[in-house]
$ cat protein_34.cif   # mmCIF, C-alpha atoms and all ligand atoms
data_upload
#
loop_
_atom_site.label_atom_id
_atom_site.label_comp_id
_atom_site.auth_asym_id
_atom_site.auth_seq_id
_atom_site.Cartn_x
_atom_site.Cartn_y
_atom_site.Cartn_z
CA MET A 192 0.00 0.00 0.00
CA ALA A 193 1.29 3.47 -0.85
CA VAL A 194 2.52 5.56 2.09
CA THR A 195 0.87 8.95 1.91
CA GLY A 196 2.81 11.06 4.35
CA ALA A 197 3.37 10.61 8.06
CA GLY A 198 0.87 12.50 10.18
CA LEU A 199 -1.54 12.61 7.20
CA GLU A 200 0.41 15.67 6.03
CA GLY A 201 -1.22 17.21 2.98
CA ILE A 202 -3.94 14.55 2.85
CA VAL A 203 -7.45 15.73 2.03
CA ALA A 204 -9.70 13.77 4.42
CA ALA A 205 -13.06 15.54 4.04
CA GLU A 206 -15.05 18.00 2.00
CA SER A 207 -16.03 21.00 4.06
CA ARG A 208 -17.64 24.39 3.50
CA ILE A 209 -16.59 25.74 6.89
CA CYS A 210 -12.98 26.87 6.74
CA TYR A 211 -10.50 27.74 3.99
CA ILE A 212 -6.76 27.98 4.58
CA ASP A 213 -4.06 28.89 2.08
CA GLY A 214 -0.91 28.10 4.02
CA ASP A 215 1.43 29.67 1.45
CA ALA A 216 -0.44 32.94 1.10
CA GLY A 217 -1.40 33.11 4.79
CA ILE A 218 -5.14 33.26 4.10
CA LEU A 219 -7.76 32.02 6.55
CA SER A 220 -11.48 32.40 6.09
CA TYR A 221 -14.59 31.06 7.80
CA GLN A 222 -17.48 30.30 5.40
CA GLY A 223 -15.90 32.63 2.83
CA TYR A 224 -15.28 35.56 5.22
CA ASN A 225 -11.65 36.54 5.64
CA ILE A 226 -10.40 36.28 9.23
CA HIS A 227 -9.16 39.89 9.06
CA THR A 228 -12.70 41.10 8.26
CA LEU A 229 -14.17 38.99 11.04
CA ALA A 230 -11.56 40.14 13.58
CA GLU A 231 -12.37 43.72 12.69
CA LYS A 232 -16.16 43.60 12.34
CA ALA A 233 -17.74 40.50 13.90
CA THR A 234 -18.64 39.44 17.41
CA PHE A 235 -17.91 35.91 18.57
CA GLU A 236 -21.63 35.11 18.62
CA GLU A 237 -21.93 36.16 14.96
CA VAL A 238 -19.01 33.88 14.15
CA ILE A 239 -20.67 30.96 15.95
CA TYR A 240 -23.79 31.48 13.83
CA LEU A 241 -21.69 31.80 10.69
CA LEU A 242 -19.81 28.57 11.39
CA TRP A 243 -22.99 26.62 12.19
CA TYR A 244 -25.31 27.91 9.48
CA GLY A 245 -22.97 29.06 6.72
CA ARG A 246 -24.10 32.68 6.57
CA LEU A 247 -24.08 35.82 8.68
CA PRO A 248 -27.14 36.12 10.94
CA LYS A 249 -29.82 38.75 10.53
CA GLN A 250 -30.35 40.85 13.67
CA THR A 251 -33.30 38.74 14.90
CA GLU A 252 -31.35 35.52 14.31
CA LEU A 253 -28.37 36.87 16.22
CA ASP A 254 -30.61 38.02 19.06
CA GLN A 255 -32.16 34.55 19.23
CA LEU A 256 -28.80 32.82 19.31
CA LYS A 257 -27.51 35.17 22.01
CA ALA A 258 -30.64 34.61 24.08
CA ALA A 259 -30.30 30.83 23.68
CA LEU A 260 -26.63 30.97 24.74
CA VAL A 261 -27.56 32.99 27.84
CA ALA A 262 -30.52 30.71 28.67
CA ASN A 263 -28.34 27.59 28.49
CA ARG A 264 -25.35 28.83 30.51
CA GLU A 265 -26.15 27.07 33.72
CA ILE A 266 -24.46 23.67 34.19
CA PRO A 267 -26.12 20.69 35.90
CA ALA A 268 -25.66 20.60 39.70
CA GLU A 269 -23.93 17.22 39.36
CA VAL A 270 -21.29 18.78 37.11
CA THR A 271 -20.73 21.59 39.64
CA ALA A 272 -20.36 18.93 42.34
CA PHE A 273 -17.75 17.19 40.20
CA LEU A 274 -15.90 20.49 39.67
CA LYS A 275 -15.88 20.97 43.44
CA SER A 276 -14.45 17.51 43.94
CA ALA A 277 -11.75 17.96 41.29
CA GLY A 278 -9.57 20.05 43.62
CA GLN A 279 -6.27 20.92 41.98
CA ALA A 280 -6.58 18.63 38.95
CA GLY A 281 -5.47 20.03 35.60
CA PRO A 282 -8.14 22.27 34.06
CA MET A 283 -8.03 20.50 30.68
CA ASP A 284 -8.51 17.11 32.36
CA VAL A 285 -11.40 18.58 34.33
CA LEU A 286 -12.91 20.19 31.23
CA ARG A 287 -12.66 16.94 29.25
CA THR A 288 -14.48 15.02 31.97
CA ALA A 289 -17.07 17.75 32.57
CA VAL A 290 -17.92 18.10 28.85
CA SER A 291 -18.38 14.34 28.72
CA MET A 292 -20.59 14.49 31.86
CA LEU A 293 -22.95 17.03 30.28
CA SER A 294 -24.53 14.29 28.17
CA LEU A 295 -25.63 12.41 31.30
CA TYR A 296 -27.99 15.23 32.25
CA ASP A 297 -29.35 16.03 28.79
CA LYS A 298 -32.71 14.39 28.14
CA GLU A 299 -32.03 14.52 24.41
CA ALA A 300 -28.59 12.92 24.70
CA LYS A 301 -29.65 9.84 22.76
CA ASP A 302 -31.43 11.77 19.98
CA ASN A 303 -28.88 12.12 17.19
CA SER A 304 -31.14 14.05 14.82
CA ILE A 305 -29.74 17.27 13.36
CA GLU A 306 -32.36 19.31 15.27
CA ALA A 307 -31.42 17.75 18.62
CA SER A 308 -27.70 18.00 17.82
CA GLU A 309 -28.08 21.71 17.04
CA LYS A 310 -29.70 22.21 20.46
CA LYS A 311 -26.88 20.28 22.07
CA ALA A 312 -24.36 22.44 20.20
CA VAL A 313 -25.95 25.51 21.85
CA LYS A 314 -25.63 23.83 25.27
CA LEU A 315 -22.01 22.86 24.67
CA MET A 316 -21.20 26.37 23.48
CA ALA A 317 -22.95 28.00 26.45
CA GLN A 318 -21.77 25.62 29.17
CA THR A 319 -18.11 25.13 28.28
CA PRO A 320 -17.26 28.68 29.48
CA THR A 321 -19.27 28.09 32.67
CA ILE A 322 -17.34 24.90 33.39
CA VAL A 323 -14.00 26.69 33.01
CA THR A 324 -14.83 29.71 35.17
CA THR A 325 -16.76 27.72 37.80
CA PHE A 326 -13.85 25.32 38.22
CA ASP A 327 -11.39 28.19 38.61
CA ARG A 328 -13.53 29.90 41.27
CA LEU A 329 -14.03 26.67 43.20
CA ARG A 330 -10.40 25.57 43.13
CA ASN A 331 -9.44 28.95 44.55
CA GLY A 332 -12.02 28.71 47.34
CA LYS A 333 -14.05 31.58 45.86
CA ALA A 334 -17.81 31.87 45.48
CA VAL A 335 -19.13 31.03 42.04
CA VAL A 336 -20.20 34.18 40.19
CA PRO A 337 -23.62 33.74 38.54
CA GLY A 338 -23.63 34.88 34.91
CA ASP A 339 -24.98 38.28 33.94
CA PRO A 340 -27.68 37.85 31.26
CA GLY A 341 -26.82 41.31 29.96
CA LEU A 342 -23.30 40.25 29.01
CA GLY A 343 -22.20 38.46 25.85
CA LEU A 344 -20.12 35.30 25.95
CA ALA A 345 -16.71 37.02 26.09
CA ALA A 346 -17.61 39.60 28.75
CA ASN A 347 -19.51 37.07 30.81
CA PHE A 348 -16.52 34.73 30.76
CA LEU A 349 -14.22 37.44 32.17
CA TYR A 350 -16.91 38.52 34.66
CA THR A 351 -17.60 35.03 36.00
CA LEU A 352 -13.86 34.34 36.15
CA THR A 353 -12.79 37.48 38.01
CA GLY A 354 -16.00 38.83 39.55
CA LYS A 355 -15.36 42.15 37.74
CA ARG A 356 -17.10 43.34 34.59
CA PRO A 357 -14.46 43.99 31.92
CA ASP A 358 -14.28 47.39 30.25
CA ASP A 359 -14.99 47.67 26.51
CA VAL A 360 -11.35 47.31 25.46
CA MET A 361 -10.75 44.17 27.53
CA GLU A 362 -14.06 42.69 26.38
CA ARG A 363 -13.31 43.36 22.70
CA ALA A 364 -9.77 41.97 23.03
CA PHE A 365 -11.10 38.73 24.47
CA ASP A 366 -13.92 38.57 21.92
CA VAL A 367 -11.39 38.92 19.07
CA ALA A 368 -9.19 36.21 20.61
CA LEU A 369 -12.22 33.90 20.64
CA ILE A 370 -12.99 34.74 16.99
CA LEU A 371 -9.40 33.99 15.95
CA HIS A 372 -9.37 30.56 17.61
CA ALA A 373 -12.87 29.52 16.53
CA ASP A 374 -12.03 27.22 13.64
CA HIS A 375 -9.09 25.95 11.66
CA GLU A 376 -10.23 23.34 9.16
CA LEU A 377 -9.06 19.79 9.92
CA ASN A 378 -6.69 20.58 12.79
CA ALA A 379 -6.02 17.58 15.05
CA SER A 380 -8.85 18.18 17.54
CA THR A 381 -11.46 18.92 14.87
CA PHE A 382 -10.42 15.84 12.94
CA ALA A 383 -10.73 13.81 16.16
CA ALA A 384 -14.22 15.23 16.71
CA ARG A 385 -15.26 14.41 13.13
CA VAL A 386 -13.89 10.86 13.38
CA VAL A 387 -16.07 10.28 16.45
CA ALA A 388 -19.12 11.92 14.83
CA ALA A 389 -18.65 9.83 11.69
CA THR A 390 -19.36 6.67 13.68
CA LEU A 391 -22.73 8.34 14.43
CA SER A 392 -21.75 8.71 18.04
CA ASP A 393 -23.28 11.78 19.74
CA ILE A 394 -22.05 15.37 19.67
CA TYR A 395 -21.02 15.32 23.37
CA SER A 396 -18.70 12.38 22.68
CA ALA A 397 -17.27 14.16 19.63
CA ALA A 398 -16.70 17.38 21.61
CA THR A 399 -15.02 15.39 24.38
CA ALA A 400 -12.61 13.95 21.81
CA GLY A 401 -11.93 17.48 20.62
CA VAL A 402 -10.99 18.64 24.12
CA ALA A 403 -8.80 15.55 24.58
CA ALA A 404 -6.85 16.22 21.39
CA LEU A 405 -6.52 19.95 22.01
CA LYS A 406 -4.81 19.33 25.34
CA GLY A 407 -1.52 18.16 23.84
CA PRO A 408 1.49 20.49 23.70
CA LEU A 409 1.77 20.11 19.92
CA HIS A 410 -1.74 21.60 19.63
CA GLY A 411 -3.59 23.85 22.10
CA GLY A 412 -1.20 23.22 24.98
CA ALA A 413 1.50 25.31 23.27
CA ASN A 414 0.17 28.67 24.53
CA GLU A 415 0.83 27.67 28.15
CA ASP A 416 4.38 26.60 27.26
CA VAL A 417 4.97 29.98 25.59
CA ILE A 418 4.11 32.03 28.67
CA LYS A 419 6.10 29.72 30.93
CA MET A 420 9.11 30.28 28.67
CA LEU A 421 8.65 34.07 28.69
CA LEU A 422 8.21 34.24 32.47
CA GLU A 423 11.08 31.87 33.18
CA ALA A 424 13.40 34.00 31.04
CA GLY A 425 12.33 37.22 32.75
CA SER A 426 14.04 39.53 30.23
CA ALA A 427 14.46 39.79 26.47
CA ASP A 428 18.20 39.00 26.61
CA LYS A 429 17.69 35.94 28.77
CA ALA A 430 14.78 34.83 26.59
CA LEU A 431 16.96 34.96 23.49
CA ASP A 432 19.70 32.96 25.27
CA MET A 433 17.08 30.42 26.30
CA VAL A 434 15.76 30.13 22.76
CA LYS A 435 19.27 29.71 21.31
CA ASN A 436 20.08 27.11 23.93
CA ARG A 437 16.91 25.16 23.20
CA LEU A 438 17.47 25.27 19.47
CA ALA A 439 21.08 24.08 19.96
CA ASN A 440 19.66 21.12 21.89
CA LYS A 441 17.04 20.46 19.20
CA ILE A 442 14.19 21.45 21.51
CA LYS A 443 11.26 23.08 19.72
CA ILE A 444 10.23 26.59 20.64
CA PRO A 445 6.55 26.70 21.58
CA GLY A 446 4.42 29.05 19.51
CA PHE A 447 6.42 28.59 16.29
CA GLY A 448 5.96 26.49 13.21
CA HIS A 449 2.80 25.15 11.68
CA ARG A 450 1.76 22.12 9.67
CA VAL A 451 -0.16 24.25 7.16
CA TYR A 452 1.18 27.83 7.25
CA HIS A 453 4.51 28.46 5.58
CA THR A 454 4.19 32.17 6.06
CA THR A 455 2.75 34.46 8.72
CA ASP A 456 -0.22 32.92 10.52
CA PRO A 457 -2.91 35.57 9.87
CA ARG A 458 -4.28 35.04 13.39
CA ALA A 459 -0.91 35.90 14.92
CA THR A 460 -1.02 39.35 13.28
CA HIS A 461 -4.10 40.29 15.33
CA LEU A 462 -2.91 38.65 18.51
CA LYS A 463 0.38 40.51 18.26
CA ALA A 464 -1.50 43.83 18.15
CA LEU A 465 -3.69 42.74 21.09
CA SER A 466 -0.64 41.65 23.06
CA GLU A 467 0.84 45.12 22.67
CA GLU A 468 -2.39 47.00 23.37
CA ILE A 469 -3.45 45.00 26.44
CA GLY A 470 0.15 44.70 27.64
CA LYS A 471 0.45 48.50 27.68
CA ARG A 472 -2.82 48.85 29.58
CA THR A 473 -2.01 46.29 32.24
CA GLY A 474 1.74 46.80 32.69
CA HIS A 475 2.89 43.69 30.82
CA VAL A 476 4.24 45.27 27.66
CA ASP A 477 7.66 43.74 28.47
CA LEU A 478 6.21 40.35 27.55
CA TYR A 479 5.14 41.71 24.18
CA LEU A 480 8.57 43.28 23.57
CA THR A 481 10.35 40.06 24.50
CA SER A 482 8.00 38.09 22.26
CA LYS A 483 8.77 40.43 19.38
CA GLN A 484 12.50 39.83 19.75
CA ILE A 485 12.03 36.05 19.85
CA GLU A 486 9.79 36.25 16.79
CA GLN A 487 12.44 38.21 14.89
CA TYR A 488 15.19 35.79 15.93
CA MET A 489 13.14 32.72 14.92
CA LYS A 490 12.39 34.24 11.54
CA GLU A 491 16.02 35.19 10.85
CA SER A 492 17.66 32.04 12.19
CA LYS A 493 15.11 29.30 11.34
CA ASN A 494 12.66 30.98 8.96
CA LEU A 495 9.89 29.93 11.34
CA ASN A 496 6.82 32.11 11.92
CA ALA A 497 4.87 32.69 15.10
CA ASN A 498 1.64 30.70 15.19
CA VAL A 499 -1.67 31.46 16.93
CA ASP A 500 -0.33 30.36 20.32
CA PHE A 501 2.66 32.69 20.47
CA TYR A 502 1.00 36.07 21.01
CA SER A 503 -2.18 34.67 22.53
CA ALA A 504 0.00 33.69 25.49
CA SER A 505 1.04 37.26 26.40
CA THR A 506 -2.43 38.57 25.51
CA TYR A 507 -4.18 36.19 27.92
CA TYR A 508 -1.58 36.82 30.62
CA SER A 509 -2.07 40.58 30.25
CA LEU A 510 -5.84 40.05 30.52
CA GLY A 511 -5.17 38.52 33.96
CA ILE A 512 -6.11 34.97 32.98
CA PRO A 513 -4.42 32.17 34.97
CA ILE A 514 -1.85 30.33 32.84
CA ASP A 515 -3.42 26.90 33.09
CA LEU A 516 -6.68 28.30 31.70
CA PHE A 517 -5.09 29.34 28.39
CA THR A 518 -5.79 25.98 26.74
CA PRO A 519 -9.31 25.67 28.23
CA ILE A 520 -10.03 29.11 26.73
CA PHE A 521 -8.85 27.80 23.37
CA ALA A 522 -11.43 25.01 23.91
CA VAL A 523 -14.17 27.54 24.76
CA SER A 524 -13.58 29.16 21.38
CA ARG A 525 -12.89 26.00 19.34
CA MET A 526 -16.11 24.44 20.65
CA SER A 527 -17.78 26.55 17.93
CA GLY A 528 -15.64 24.95 15.23
CA TRP A 529 -15.91 21.43 16.64
CA THR A 530 -19.69 21.59 16.80
CA ALA A 531 -19.92 23.15 13.32
CA HIS A 532 -17.81 20.33 11.87
CA VAL A 533 -19.76 17.65 13.74
CA LEU A 534 -23.05 19.03 12.38
CA GLU A 535 -21.55 19.15 8.89
CA GLN A 536 -20.37 15.55 9.28
CA TYR A 537 -23.85 14.41 10.38
CA ARG A 538 -25.47 16.18 7.42
CA ASN A 539 -23.44 14.14 4.93
CA ASN A 540 -21.91 11.28 6.85
CA ARG A 541 -19.54 8.54 5.83
CA LEU A 542 -17.52 6.51 8.34
CA ILE A 543 -13.91 7.76 8.51
CA ARG A 544 -11.75 4.67 8.39
CA PRO A 545 -8.29 5.00 6.80
CA ARG A 546 -5.73 2.24 6.36
CA ALA A 547 -2.26 1.74 7.83
CA ASP A 548 0.89 0.77 5.97
CA TYR A 549 1.86 -2.47 7.70
CA THR A 550 5.48 -2.52 8.93
CA GLY A 551 5.30 -5.50 11.33
CA LEU A 552 6.73 -9.03 11.26
CA PRO A 553 6.15 -11.08 8.13
CA VAL A 554 2.62 -12.44 8.26
CA GLY A 555 2.29 -16.15 9.16
CA GLN A 556 4.56 -16.33 12.22
CA PRO A 557 4.59 -19.82 13.78
CA TRP A 558 2.99 -20.03 17.24
CA VAL A 559 5.56 -20.58 20.04
CA GLU A 560 4.32 -22.17 23.26
CA ILE A 561 4.81 -19.88 26.30
CA SER A 562 7.29 -22.29 27.92
CA ALA A 563 9.49 -22.14 24.82
CA ARG A 564 9.62 -18.29 24.33
N1 LIG A 601 10.94 25.26 17.03
C1 LIG A 601 12.05 24.85 16.40
N2 LIG A 601 12.04 24.14 15.26
C2 LIG A 601 10.85 23.85 14.74
C3 LIG A 601 9.64 24.25 15.33
C4 LIG A 601 9.72 24.98 16.53
N3 LIG A 601 8.62 25.39 17.14
N4 LIG A 601 8.61 23.81 14.60
C5 LIG A 601 9.15 23.16 13.56
N5 LIG A 601 10.48 23.17 13.65
C6 LIG A 601 11.41 22.54 12.72
C7 LIG A 601 11.54 21.06 13.05
O1 LIG A 601 12.58 20.80 13.96
C8 LIG A 601 11.81 20.47 11.70
O2 LIG A 601 13.16 20.72 11.36
P1 LIG A 601 14.04 19.59 10.61
O3 LIG A 601 13.32 19.35 9.32
O4 LIG A 601 15.37 20.23 10.51
O5 LIG A 601 13.97 18.40 11.53
C9 LIG A 601 10.95 21.32 10.76
O6 LIG A 601 10.84 22.58 11.41
C10 LIG A 601 9.58 20.73 10.51
O7 LIG A 601 8.94 20.48 11.78
P2 LIG A 601 7.92 19.32 12.08
O8 LIG A 601 7.82 19.14 13.55
O9 LIG A 601 8.25 18.11 11.27
O10 LIG A 601 6.61 19.95 11.50
P3 LIG A 601 5.13 19.45 11.79
O11 LIG A 601 4.32 19.96 10.67
O12 LIG A 601 5.10 18.00 12.08
O13 LIG A 601 4.78 20.18 13.16
C11 LIG A 601 4.10 21.69 14.76
C12 LIG A 601 4.03 21.33 13.29
C13 LIG A 601 3.12 22.82 15.01
C14 LIG A 601 3.67 20.49 15.59
C15 LIG A 601 5.54 22.11 15.12
O14 LIG A 601 5.90 23.26 14.38
C16 LIG A 601 5.72 22.34 16.60
O15 LIG A 601 5.95 21.38 17.34
N6 LIG A 601 5.62 23.63 17.08
C17 LIG A 601 5.74 23.93 18.48
C18 LIG A 601 4.43 23.64 19.19
C19 LIG A 601 3.35 24.63 18.80
O16 LIG A 601 3.56 25.83 18.80
N7 LIG A 601 2.16 24.10 18.51
C20 LIG A 601 0.99 24.92 18.20
C21 LIG A 601 0.62 24.81 16.76
S1 LIG A 601 -0.65 25.98 16.33
#

$ encode --input "protein_34.cif" --output "structure tokens"
Amino acid sequence: MAVTGAGLEGIVAAESRICYIDGDAGILSYQGYNIHTLAEKATFEEVIYLLWYGRLPKQTELDQLKAALVANREIPAEVTAFLKSAGQAGPMDVLRTAVSMLSLYDKEAKDNSIEASEKKAVKLMAQTPTIVTTFDRLRNGKAVVPGDPGLGLAANFLYTLTGKRPDDVMERAFDVALILHADHELNASTFAARVVAATLSDIYSAATAGVAALKGPLHGGANEDVIKMLLEAGSADKALDMVKNRLANKIKIPGFGHRVYHTTDPRATHLKALSEEIGKRTGHVDLYLTSKQIEQYMKESKNLNANVDFYSASTYYSLGIPIDLFTPIFAVSRMSGWTAHVLEQYRNNRLIRPRADYTGLPVGQPWVEISAR
């Protein structure tokens, strides 16, 4: 059998209307809308609608979606009890288990129709942020902050996390970060979600697989590694020494390189601007300046570009978000893409079942009794 590239590199594994990427030209668009336009003009809720239904919502449709997201924010008491019991467990492990738990308390869990799956997508989208912020409050011994129905998803996330309503600039920065992370074609976690959906398993199971795949440091986990590197270095000079040292020891630098982009990741352009703007406001501009120097060095020495995780790290840190919530926040955003892809898979399903190139022992090995091995 022909070998078609380790890691399925360059393999087309599905037809999809949701996301277009040109990795050489650095173009990303959701349902035909360029990411730069969406980062400038859209709200995250509009992007959710766009990803799910393939067009921009009219005002009434957007209002309905926003109302549904607010109405479905509350998580089942059993999930809150689990979050309480989770103590100091890793937030991505907790999120994976909690997302999976949601299905146990959904009366429609077993109904795999498109209509029921769309309703479940709303619940997943509304409750994932609640899981993340509730867990953070509980693990820090703080009272859970009930959501404010007057706030959109981004503002409500920051409010229920910190207990303070964000100002317009902080809210917009976080909203844009959510837009930028919302979808990215067949990235590892979305592919995992589609593989599960293609067996006609339910959307909660598919979303759980998405969270599980996102957790890894080669995927969503990279943003946490970036900030740890920046903080450990402490200064731009030390950071550059650290980077050089790591490269000399063949250790990858988190936040650089990409399977698809061979030029600037268009999402990084916006996150870089946000990192500077929010950094200046909150006294963390040094992180932005250090990041800029590392970016320049990586480009000159290795011709590697910053990816979405590089500047999101300093942006989230400047927004006051705890480091181990960076990847869960990626999940909050990517839940929109996962659910959109799962719905698309259901609408035109075929089991995803590739083949492996066999590299084992010659077939037909003689059986050896255990006493003779
Ligand atoms: N730092 C240093 N070198 C890197 C690098 C990085 N972050 N990313 C890629 N490279 C180098 C590799 O060492 C390899 O060099 P070689 O051919 O001399 O061995 C080459 O670039 C290709 O890398 P490879 O790991 O094979 O590419 P991939 O397509 O399999 O991996 C990533 C893509 C994203 C997994 C990879 O770039 C990476 O591990 N980046 C760091 C983690 C990260 O930021 N992940 C978030 C992605 S959005």

$ residues_near_ligand --input "protein_34.cif" --ligand "ligand LIG 601 (chain A)" --cutoff "6 Å" --atoms "only C-alpha atoms and all ligand atoms" --output "ChimeraX atom specification"
/A:409-410,413,443-450,498-500

$ atom_distance --input "protein_34.cif" --atom1 "CA of Thr550 (chain A)" --atom2 "CA of Ile202 (chain A)"
20.4 Å

$ closest_atom_pairs --input "protein_34.cif" --of "region 347-441 of chain A" --to "region 294-313 of chain A" --cutoff "12 Å" --atoms "all atoms listed in the file" --output "Markdown table"
| residue | atom | partner | partner_atom | distance |
| --- | --- | --- | --- | --- |
| A:Ala388 | CA | A:Asn303 | CA | 10.0 |
| A:Ala389 | CA | A:Asn303 | CA | 11.8 |
| A:Thr390 | CA | A:Asn303 | CA | 11.5 |
| A:Leu391 | CA | A:Asn303 | CA | 7.7 |
| A:Ser392 | CA | A:Asn303 | CA | 7.9 |
| A:Asp393 | CA | A:Asn303 | CA | 6.2 |
| A:Ile394 | CA | A:Ser308 | CA | 6.5 |
| A:Tyr395 | CA | A:Ser294 | CA | 6.0 |
| A:Ser396 | CA | A:Ser294 | CA | 8.2 |
| A:Ala397 | CA | A:Ala312 | CA | 10.9 |
| A:Ala398 | CA | A:Ala312 | CA | 9.3 |
| A:Thr399 | CA | A:Ser294 | CA | 10.3 |

$ closest_residue --input "protein_34.cif" --among "A:Leu534, A:Ile218, A:Ile266, A:Ile370" --to "Thr319 (chain A)" --atoms "all atoms listed in the file"
A:Ile266

$ closest_residue --input "protein_34.cif" --among "A:Val360, A:Ala427, A:Val387, A:Ala563" --to "Gly470 (chain A)" --atoms "all atoms listed in the file"
A:Val360

$ build_atoms --input "protein_34.cif" --residues "region 269-288 of chain A" --atoms "N, CA and C atoms" --output "CSV table (one decimal), in the frame of the given file"
chain,number,residue,atom,x,y,z
A,269,GLU,N,-24.9,18.4,39.2
A,269,GLU,CA,-23.9,17.2,39.4
A,269,GLU,C,-22.6,17.6,38.8
A,270,VAL,N,-22.6,18.4,37.7
A,270,VAL,CA,-21.3,18.8,37.1
A,270,VAL,C,-20.6,19.8,38.0
A,271,THR,N,-21.3,20.7,38.7
A,271,THR,CA,-20.7,21.6,39.6
A,271,THR,C,-20.1,20.8,40.8
A,272,ALA,N,-20.9,19.8,41.2
A,272,ALA,CA,-20.4,18.9,42.3
A,272,ALA,C,-19.1,18.3,41.9
A,273,PHE,N,-19.0,17.8,40.7
A,273,PHE,CA,-17.8,17.2,40.2
A,273,PHE,C,-16.6,18.2,40.2
A,274,LEU,N,-16.9,19.4,39.7
A,274,LEU,CA,-15.9,20.5,39.7
A,274,LEU,C,-15.4,20.8,41.1
A,275,LYS,N,-16.3,20.7,42.0
A,275,LYS,CA,-15.9,21.0,43.4
A,275,LYS,C,-14.9,19.9,43.9
A,276,SER,N,-15.2,18.7,43.5
A,276,SER,CA,-14.4,17.5,43.9
A,276,SER,C,-13.1,17.4,43.2
A,277,ALA,N,-13.0,18.1,42.1
A,277,ALA,CA,-11.8,18.0,41.3
A,277,ALA,C,-10.5,18.6,41.9
A,278,GLY,N,-10.7,19.5,42.9
A,278,GLY,CA,-9.6,20.0,43.6
A,278,GLY,C,-8.6,20.7,42.7
A,279,GLN,N,-7.3,20.3,42.7
A,279,GLN,CA,-6.3,20.9,42.0
A,279,GLN,C,-5.9,20.2,40.7
A,280,ALA,N,-6.8,19.4,40.2
A,280,ALA,CA,-6.6,18.6,39.0
A,280,ALA,C,-6.4,19.6,37.8
A,281,GLY,N,-5.7,19.2,36.7
A,281,GLY,CA,-5.5,20.0,35.6
A,281,GLY,C,-6.8,20.5,34.9
A,282,PRO,N,-6.9,21.8,34.6
A,282,PRO,CA,-8.1,22.3,34.1
A,282,PRO,C,-8.6,21.6,32.8
A,283,MET,N,-7.6,21.2,31.9
A,283,MET,CA,-8.0,20.5,30.7
A,283,MET,C,-8.6,19.1,31.0
A,284,ASP,N,-8.0,18.4,32.0
A,284,ASP,CA,-8.5,17.1,32.4
A,284,ASP,C,-9.9,17.3,32.9
A,285,VAL,N,-10.1,18.3,33.7
A,285,VAL,CA,-11.4,18.6,34.3
A,285,VAL,C,-12.4,18.9,33.2
A,286,LEU,N,-12.0,19.8,32.3
A,286,LEU,CA,-12.9,20.2,31.2
A,286,LEU,C,-13.3,19.0,30.4
A,287,ARG,N,-12.4,18.1,30.1
A,287,ARG,CA,-12.7,16.9,29.2
A,287,ARG,C,-13.7,16.1,29.9
A,288,THR,N,-13.5,15.9,31.2
A,288,THR,CA,-14.5,15.0,32.0
A,288,THR,C,-15.8,15.7,32.1
